[in-house]
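Presented below is the structure to which this report refers.
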Amino acid sequence: MGRGEKSEMLKMSILMMIMMSSVLMTIVDSSRSVQRDVDSEEPEIVRRHLLANGLGVTPPMGWNSWNHFSCNINEKVIKETADALVTTGLSKLGYNYVNIGKCLLYLLSSCIYSSSYLIKCFKFLVCFSDDCWAELARDQKGNLVPKKSTFPSGIKALADYVHSKGLKLGIYSDAGMRHKVVTMLGSKCQGIDYLKYDNCNTDGSRPTIRYPVMTRALMKSGRPIFHSLCEWGDMHPALWGSPLGNSWRTTSDINDSWLSMIANADMNEIYAEHARPGGWNDPDMLEVGNGGMTKDEYIVHFSIWAISKAPLLLGCDIRNMTKETMEIVANKEVIAINQDSHGVQAKKARMEGDIQIWAGPLSGYRVALLLLNRGPTRLSITAFWDDIEIPPNSIVEARDLWEHKTLTQKFVGNLTATVDSHACKLYVLKPVA
Ligand SMILES: *[C@@H]1O[C@H](CO)[C@@H](O)[C@H](O)[C@H]1NC(C)=O
Ligand SMILES: *[C@@H]1O[C@H](CO)[C@@H](O)[C@H](O)[C@H]1NC(C)=O
Ligand SMILES: *[C@@H]1O[C@H](CO)[C@@H](O)[C@H](O)[C@H]1NC(C)=O
């Protein structure tokens with residue numbers, strides 16, 4: 001490392017400290033135990049259950065600022081969204097997490113070097129109440145220039161506000177630049193209820209080493225905090241996430257398009273067996289209401305997320321939703337599938353060209369059935385009891401969850417429906433004899 005780089009680092013450290021005293025933050029003493037955790041993690045420790053917070057018994061529901069607002073957020077937007085979740089009635093339906101997307105909390109360590117010797121690493125808990133770190137880092141002069149604070153009242157005050165509405169506050173943390181992530185939630189950050197721990201700028205350590213450190217820190221925080229692992233699915237977190245998190249991303253980032261949505265749905269389905277109460281596969285947040293898909297496509301999006309037991313985190317502007325968007329995300333019957341106590345993720349039961357049949361068991365011997373047309377033209381789709389684990393001679397009653405009606409016809413052996421292009425039918429099937 002050259003001298004210039006070292007002095008840059010020193011400068012960065014100092015700037016960071018100045019910034020931290022001017023904004024809202026807590027400095028956490030560098031703790032030896034944390035350091036030991038980072039360096040000498042035994043692989044087998046990962047297999048034990050580190051996370052026992054009792055959360056995520058059903059998939060989390062709420063809102064996250066990222067899909068609609070990117071980094072253009074401030075405490076006013078967050079408070080207004082909390083208000084809107086209540087006034088629209090969405091909070092009553094279960095949408096109770098108010099999650100601030102990227103751009104908020106960073107857990108960083110900053111090291112001072114002398115010559116090539118490491119003198120000291122400071123470990124900070126930074127409740128970063130400003131814009132994206134990445135943006136700051138890209139400043140042309142290479143300086144860290146904190147923008148005017150967008151969260152002047154601080155996270156604790158925001159948490160208090162959100163709690164006063166009967167809601168919960170979620171924040172976001174990044175693995176953080178080149179620095180080794182140090183993880184300890186200090187008292188100033190208590191009041192949060194949900195942490196999304198992302199994968200940006202890792203220090204190169206394996207996620208199975210990195211994530212347990214955060215899990216332990218959360219367990220030590222003295223507060224049940226939902227731990228959302230966001231590893232983008234690179235290292236198949238479904239295979240190792242359940243002792244560490246309440247949900248884990250199985251996919252790369254979603255965008256507001258049919259292609260992206262359906263790709264994430266496909267990728268997430270592969271790991272269906274790994275979802276269960278306490279730990280869910282996460283195909284990323286909802287785009288419903290952001291304008292990039294048709295109404296039918298958004299219905300497909302919401303339906304697949306619901307039957308996949310995915311977190312239902314709205315990603316639109318709750319303060320300004322259309323009636324159409326509200327109809328989709330406030331469909332109680334579809335939400336009920338997502339929140340069903342049985343907690344089993346639906347899977348693809350049959351695929352033929354553009355036709356897909358997804359099904360999954362629900363409580364009370366019921367079955368959720370999705371008939372999906374991914375093609376460009378209207379198609380007739382038949383689901384057979386054989387494929388969806390209903391005993392062959394069962395007589396079945398079908399409830400259409402988007403039409404909100406129970407079909408008068410009873411079904412034996414199969415059910416057929418006509419489905420428009422990029423659309424779906426979603427049923428709950430109940431054997432009646
Ligand atoms: C959205 O995602 C799809 C599928 O991954 C990709 O092809 C497309 O380029 C993305 N669009 C944008 C605007 O990022
Ligand atoms: C509200 O949403 C509509 C589209 O549904 C958009 O045209 C309008 O600009 C939005 N208003 C605000 C204040 O964001
Ligand atoms: C569907 O089941 C009915 C009996 O309920 C049967 O008459 C019909 O042939 C079946 N359809 C197909 C395509 O197998």
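Chain lettering (A, B, ...) mirrors the order of the structure tokens, residue numbering begins at 1 for each chain separately, and ligand numbering begins at 1 in order of display.
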Could you pull the residues within 8 Å of Tyr365 in chain A, counting only C-alpha atoms, minus those fewer than 4 positions along the same chain, as a PDB file with N, CA and C atoms, in the first residue's frame?
```
ATOM      1  N   PRO A 361     -49.378 -26.895  -0.551  1.00  0.00           N
ATOM      2  CA  PRO A 361     -50.362 -27.223   0.466  1.00  0.00           C
ATOM      3  C   PRO A 361     -50.610 -26.065   1.432  1.00  0.00           C
ATOM      4  N   LYS A 430     -60.462 -26.895  -2.013  1.00  0.00           N
ATOM      5  CA  LYS A 430     -60.803 -27.520  -0.732  1.00  0.00           C
ATOM      6  C   LYS A 430     -61.564 -28.808  -1.003  1.00  0.00           C
ATOM      7  N   PRO A 431     -60.969 -29.979  -0.651  1.00  0.00           N
ATOM      8  CA  PRO A 431     -61.698 -31.229  -0.830  1.00  0.00           C
ATOM      9  C   PRO A 431     -62.960 -31.207   0.050  1.00  0.00           C
TER      10      PRO A 431
END
```
* Let me have all residues with an atom within 7 Å of ligand 2, counting only C-alpha atoms and all ligand atoms, laid out as number ranges by chain. => A: 320-322
* Structure fact -> Students should find that CA of His301 in chain A and CA of Phe411 in chain A are spaced 26.7 Å
* Which distance in Å separates atom 14 (O, counted along the ligand's line) of ligand 1 and CA of Trp66 in chain A, to one decimal? ->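 For atom 14 (O, counted along the ligand's line) of ligand 1 relative to CA of Trp66 in chain A, the distance reads 14.1 Å.
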* To do: Produce as a VMD selection string the set of residues near ligand 3, where near means within 12 Å with only C-alpha atoms and all ligand atoms considered.
  => chain A and resid 380 to 386 392 to 396 409 to 417
Using the selection just defined, write its residues with C-alpha atoms as a JSON list (two decimals), in the first residue's frame.
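Saved the output as again.json:
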```json
[["chain", "number", "residue", "atom", "x", "y", "z"],
["A", 380, "SER", "CA", -56.61, -23.09, -21.76],
["A", 381, "ILE", "CA", -54.83, -24.61, -18.76],
["A", 382, "THR", "CA", -55.75, -27.84, -16.96],
["A", 383, "ALA", "CA", -54.41, -28.86, -13.55],
["A", 384, "PHE", "CA", -54.65, -32.55, -12.67],
["A", 385, "TRP", "CA", -55.06, -33.76, -9.10],
["A", 386, "ASP", "CA", -52.15, -36.16, -9.72],
["A", 392, "PRO", "CA", -57.53, -38.80, -7.25],
["A", 393, "ASN", "CA", -61.20, -39.19, -6.36],
["A", 394, "SER", "CA", -61.54, -36.13, -4.18],
["A", 395, "ILE", "CA", -64.39, -33.81, -4.97],
["A", 396, "VAL", "CA", -63.04, -30.31, -4.69],
["A", 409, "GLN", "CA", -69.17, -26.35, -10.10],
["A", 410, "LYS", "CA", -67.36, -28.99, -8.03],
["A", 411, "PHE", "CA", -64.29, -30.60, -9.55],
["A", 412, "VAL", "CA", -63.05, -34.20, -9.70],
["A", 413, "GLY", "CA", -59.63, -35.12, -11.04],
["A", 414, "ASN", "CA", -58.89, -31.84, -12.76],
["A", 415, "LEU", "CA", -59.73, -28.18, -13.13],
["A", 416, "THR", "CA", -59.51, -26.21, -16.37],
["A", 417, "ALA", "CA", -59.51, -22.45, -16.91]]
```
* Identify, counting only C-alpha atoms and all ligand atoms, the protein, DNA and RNA residues located within 8 Å of ligand 1, and give them as a PyMOL selection string. => chain A and resi 254-257+259-261+263
Let's have the selection written as a compact mmCIF listing (two decimals), in the first residue's frame, with N, CA and C atoms.
```txt
# COMPACT_ATOMS: atom_id res chain seq x y z
N ILE A 254 -34.47 -7.34 -8.16
CA ILE A 254 -35.62 -7.27 -9.06
C ILE A 254 -35.63 -5.89 -9.73
N ASN A 255 -36.22 -5.80 -10.93
CA ASN A 255 -36.59 -4.48 -11.45
C ASN A 255 -38.03 -4.53 -11.92
N ASP A 256 -38.56 -3.37 -12.26
CA ASP A 256 -40.00 -3.26 -12.50
C ASP A 256 -40.37 -3.73 -13.91
N SER A 257 -40.05 -4.99 -14.22
CA SER A 257 -40.37 -5.54 -15.54
C SER A 257 -40.80 -6.99 -15.39
N LEU A 259 -39.91 -9.53 -17.20
CA LEU A 259 -38.77 -10.45 -17.33
C LEU A 259 -38.02 -10.63 -16.01
N SER A 260 -37.76 -9.52 -15.37
CA SER A 260 -37.03 -9.58 -14.11
C SER A 260 -37.87 -10.29 -13.04
N MET A 261 -39.14 -9.94 -12.98
CA MET A 261 -40.02 -10.51 -11.96
C MET A 261 -40.11 -12.02 -12.13
N ALA A 263 -38.10 -14.01 -13.76
CA ALA A 263 -36.79 -14.66 -13.56
C ALA A 263 -36.55 -14.88 -12.06
```
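Interatomic distance, CA of Gly233 in chain A to CA of Ile307 in chain A: 19.8 Å.
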* To do: Would you mind listing what lies within 8 Å of Ile299 in chain A as an MDAnalysis selection string, with only C-alpha atoms counted and same-chain residues fewer than 2 positions away left out?
  => chainID A and resid 295:297 301:303 328 423:424
Suppose we keep C-alpha atoms; can you now write the selection as an mmCIF file, in the first residue's frame?
```
data_model
loop_
_atom_site.group_PDB
_atom_site.id
_atom_site.type_symbol
_atom_site.label_atom_id
_atom_site.label_comp_id
_atom_site.auth_asym_id
_atom_site.auth_seq_id
_atom_site.Cartn_x
_atom_site.Cartn_y
_atom_site.Cartn_z
ATOM 1 C CA LYS A 295 -52.293 -5.013 -14.088
ATOM 2 C CA ASP A 296 -52.375 -8.718 -14.986
ATOM 3 C CA GLU A 297 -48.596 -8.938 -14.674
ATOM 4 C CA HIS A 301 -46.232 -10.966 -9.380
ATOM 5 C CA PHE A 302 -48.296 -10.667 -6.212
ATOM 6 C CA SER A 303 -49.803 -14.153 -6.603
ATOM 7 C CA ILE A 328 -53.959 -6.054 -5.755
ATOM 8 C CA ALA A 423 -51.887 -13.538 -16.516
ATOM 9 C CA CYS A 424 -52.866 -16.148 -13.977
#
```
* To do: May I ask which of the residues A:Val98, A:Thr88, A:Glu333, A:Leu244 is the closest one to Met219 in chain A, counting only C-alpha atoms?
  =>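 Ranking A:Val98, A:Thr88, A:Glu333, A:Leu244 by distance to Met219 in chain A, first place goes to A:Leu244.
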* Structure fact -> Across A:Glu287, A:Glu231, A:Asp354, A:Asp282, the smallest distance to Pro59 in chain A, with only C-alpha atoms counted, is shown by A:Asp282
* **Residue neighbourhood Val162 in chain A, 7 Å, only C-alpha atoms, exclusion window fewer than 6 positions, as a PyMOL selection string** => chain A and resi 82+168-169
* Contacts of Val86 in chain A within 12 Å, only C-alpha atoms, excl. fewer than 5 positions in-chain, as a ChimeraX atom specification -> /A:62,79-81,91-98,162-167,318-319
As a CSV table (one decimal) with N, CA and C atoms, in the first residue's frame, list the residues of range 205-291 of chain A assigned to strand (DSSP E or B) by DSSP on the backbone atoms of this structure.
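What ended up in part.csv:
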```csv
chain,number,residue,atom,x,y,z
A,226,PHE,N,-35.6,-8.7,13.2
A,226,PHE,CA,-35.8,-9.6,12.1
A,226,PHE,C,-34.5,-9.5,11.2
A,227,HIS,N,-33.9,-10.6,10.9
A,227,HIS,CA,-32.6,-10.5,10.2
A,227,HIS,C,-32.8,-11.0,8.8
A,228,SER,N,-32.7,-10.1,7.8
A,228,SER,CA,-33.0,-10.4,6.4
A,228,SER,C,-31.6,-10.4,5.7
A,229,LEU,N,-31.2,-11.6,5.4
A,229,LEU,CA,-29.9,-11.8,4.7
A,229,LEU,C,-30.1,-11.4,3.2
A,247,SER,N,-34.9,-14.5,6.8
A,247,SER,CA,-35.2,-14.7,5.3
A,247,SER,C,-33.8,-14.5,4.6
A,248,TRP,N,-33.8,-15.0,3.4
A,248,TRP,CA,-32.5,-14.8,2.7
A,248,TRP,C,-32.9,-14.6,1.2
A,249,ARG,N,-32.2,-13.7,0.6
A,249,ARG,CA,-32.4,-13.4,-0.8
A,249,ARG,C,-31.9,-14.6,-1.6
A,276,ARG,N,-39.4,-22.3,5.6
A,276,ARG,CA,-40.2,-22.8,6.7
A,276,ARG,C,-40.4,-21.6,7.7
A,279,GLY,N,-37.8,-18.9,8.7
A,279,GLY,CA,-36.8,-18.6,7.7
A,279,GLY,C,-37.4,-18.8,6.3
A,280,TRP,N,-37.4,-17.7,5.5
A,280,TRP,CA,-38.1,-17.8,4.2
A,280,TRP,C,-37.2,-17.4,3.1
A,281,ASN,N,-37.4,-18.0,1.9
A,281,ASN,CA,-36.8,-17.6,0.7
A,281,ASN,C,-37.3,-16.2,0.3
A,282,ASP,N,-36.4,-15.4,-0.2
A,282,ASP,CA,-36.8,-14.0,-0.5
A,282,ASP,C,-36.4,-13.7,-2.0
```
* Identify, on the basis of only C-alpha atoms, every residue whose closest approach to Lys347 in chain A does not exceed 10 Å; exclude the query and any residue fewer than 5 positions from it along the same chain; express the result as JSON, numbers by chain. => {"A": [266, 268, 269, 270, 271, 272, 273, 304, 307, 308, 357, 358, 359, 360, 361, 369, 370, 388]}
* Asked: With distances taken over only C-alpha atoms, which of A:Asn373, A:Asn290, A:Gln345, A:Ser421 is nearest to His274 in chain A?
  ->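 When distances to His274 in chain A are compared using only C-alpha atoms, the smallest one comes from A:Gln345.
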* **Non-local contacts of Gly278 in chain A (12 Å; only C-alpha atoms; under 6 positions in same chain excluded) as a ChimeraX atom specification** => /A:49,51-60,226-228,241-248,309,311,341,343-344
Deliver the residues from the most recent selection as a file, using C-alpha atoms, as a PDB file, in the first residue's frame.
```pdb
ATOM      1  CA  HIS A  49     -28.984 -22.233  15.288  1.00  0.00           C
ATOM      2  CA  LEU A  51     -30.817 -17.031  15.568  1.00  0.00           C
ATOM      3  CA  ALA A  52     -33.551 -17.620  18.085  1.00  0.00           C
ATOM      4  CA  ASN A  53     -35.545 -14.411  17.919  1.00  0.00           C
ATOM      5  CA  GLY A  54     -38.978 -15.962  17.449  1.00  0.00           C
ATOM      6  CA  LEU A  55     -39.620 -13.780  14.403  1.00  0.00           C
ATOM      7  CA  GLY A  56     -40.772 -14.650  10.905  1.00  0.00           C
ATOM      8  CA  VAL A  57     -43.274 -17.287  11.968  1.00  0.00           C
ATOM      9  CA  THR A  58     -45.082 -16.129   8.833  1.00  0.00           C
ATOM     10  CA  PRO A  59     -43.388 -14.145   6.042  1.00  0.00           C
ATOM     11  CA  PRO A  60     -42.796 -10.499   6.959  1.00  0.00           C
ATOM     12  CA  PHE A 226     -35.758  -9.591  12.070  1.00  0.00           C
ATOM     13  CA  HIS A 227     -32.591 -10.546  10.194  1.00  0.00           C
ATOM     14  CA  SER A 228     -32.968 -10.352   6.425  1.00  0.00           C
ATOM     15  CA  GLY A 241     -29.326 -19.264   5.829  1.00  0.00           C
ATOM     16  CA  SER A 242     -31.824 -20.777   8.217  1.00  0.00           C
ATOM     17  CA  PRO A 243     -29.641 -20.827  11.362  1.00  0.00           C
ATOM     18  CA  LEU A 244     -28.622 -17.221  10.634  1.00  0.00           C
ATOM     19  CA  GLY A 245     -31.536 -15.278   9.262  1.00  0.00           C
ATOM     20  CA  ASN A 246     -35.313 -14.988   9.114  1.00  0.00           C
ATOM     21  CA  SER A 247     -35.159 -14.652   5.336  1.00  0.00           C
ATOM     22  CA  TRP A 248     -32.525 -14.804   2.653  1.00  0.00           C
ATOM     23  CA  LYS A 309     -44.285 -17.510   1.084  1.00  0.00           C
ATOM     24  CA  PRO A 311     -41.806 -11.504   2.210  1.00  0.00           C
ATOM     25  CA  SER A 341     -49.954 -21.271   9.298  1.00  0.00           C
ATOM     26  CA  GLY A 343     -45.876 -22.300   6.012  1.00  0.00           C
ATOM     27  CA  VAL A 344     -45.025 -24.386   2.944  1.00  0.00           C
TER      28      VAL A 344
END
```
* To do: Check the DSSP output for the backbone and give back, as a PyMOL selection string, the residues of range 134-352 of chain A in alpha helix (DSSP H).
  => chain A and resi 134-137+154-164+207-220+258-269+295-307+323-329+332-338
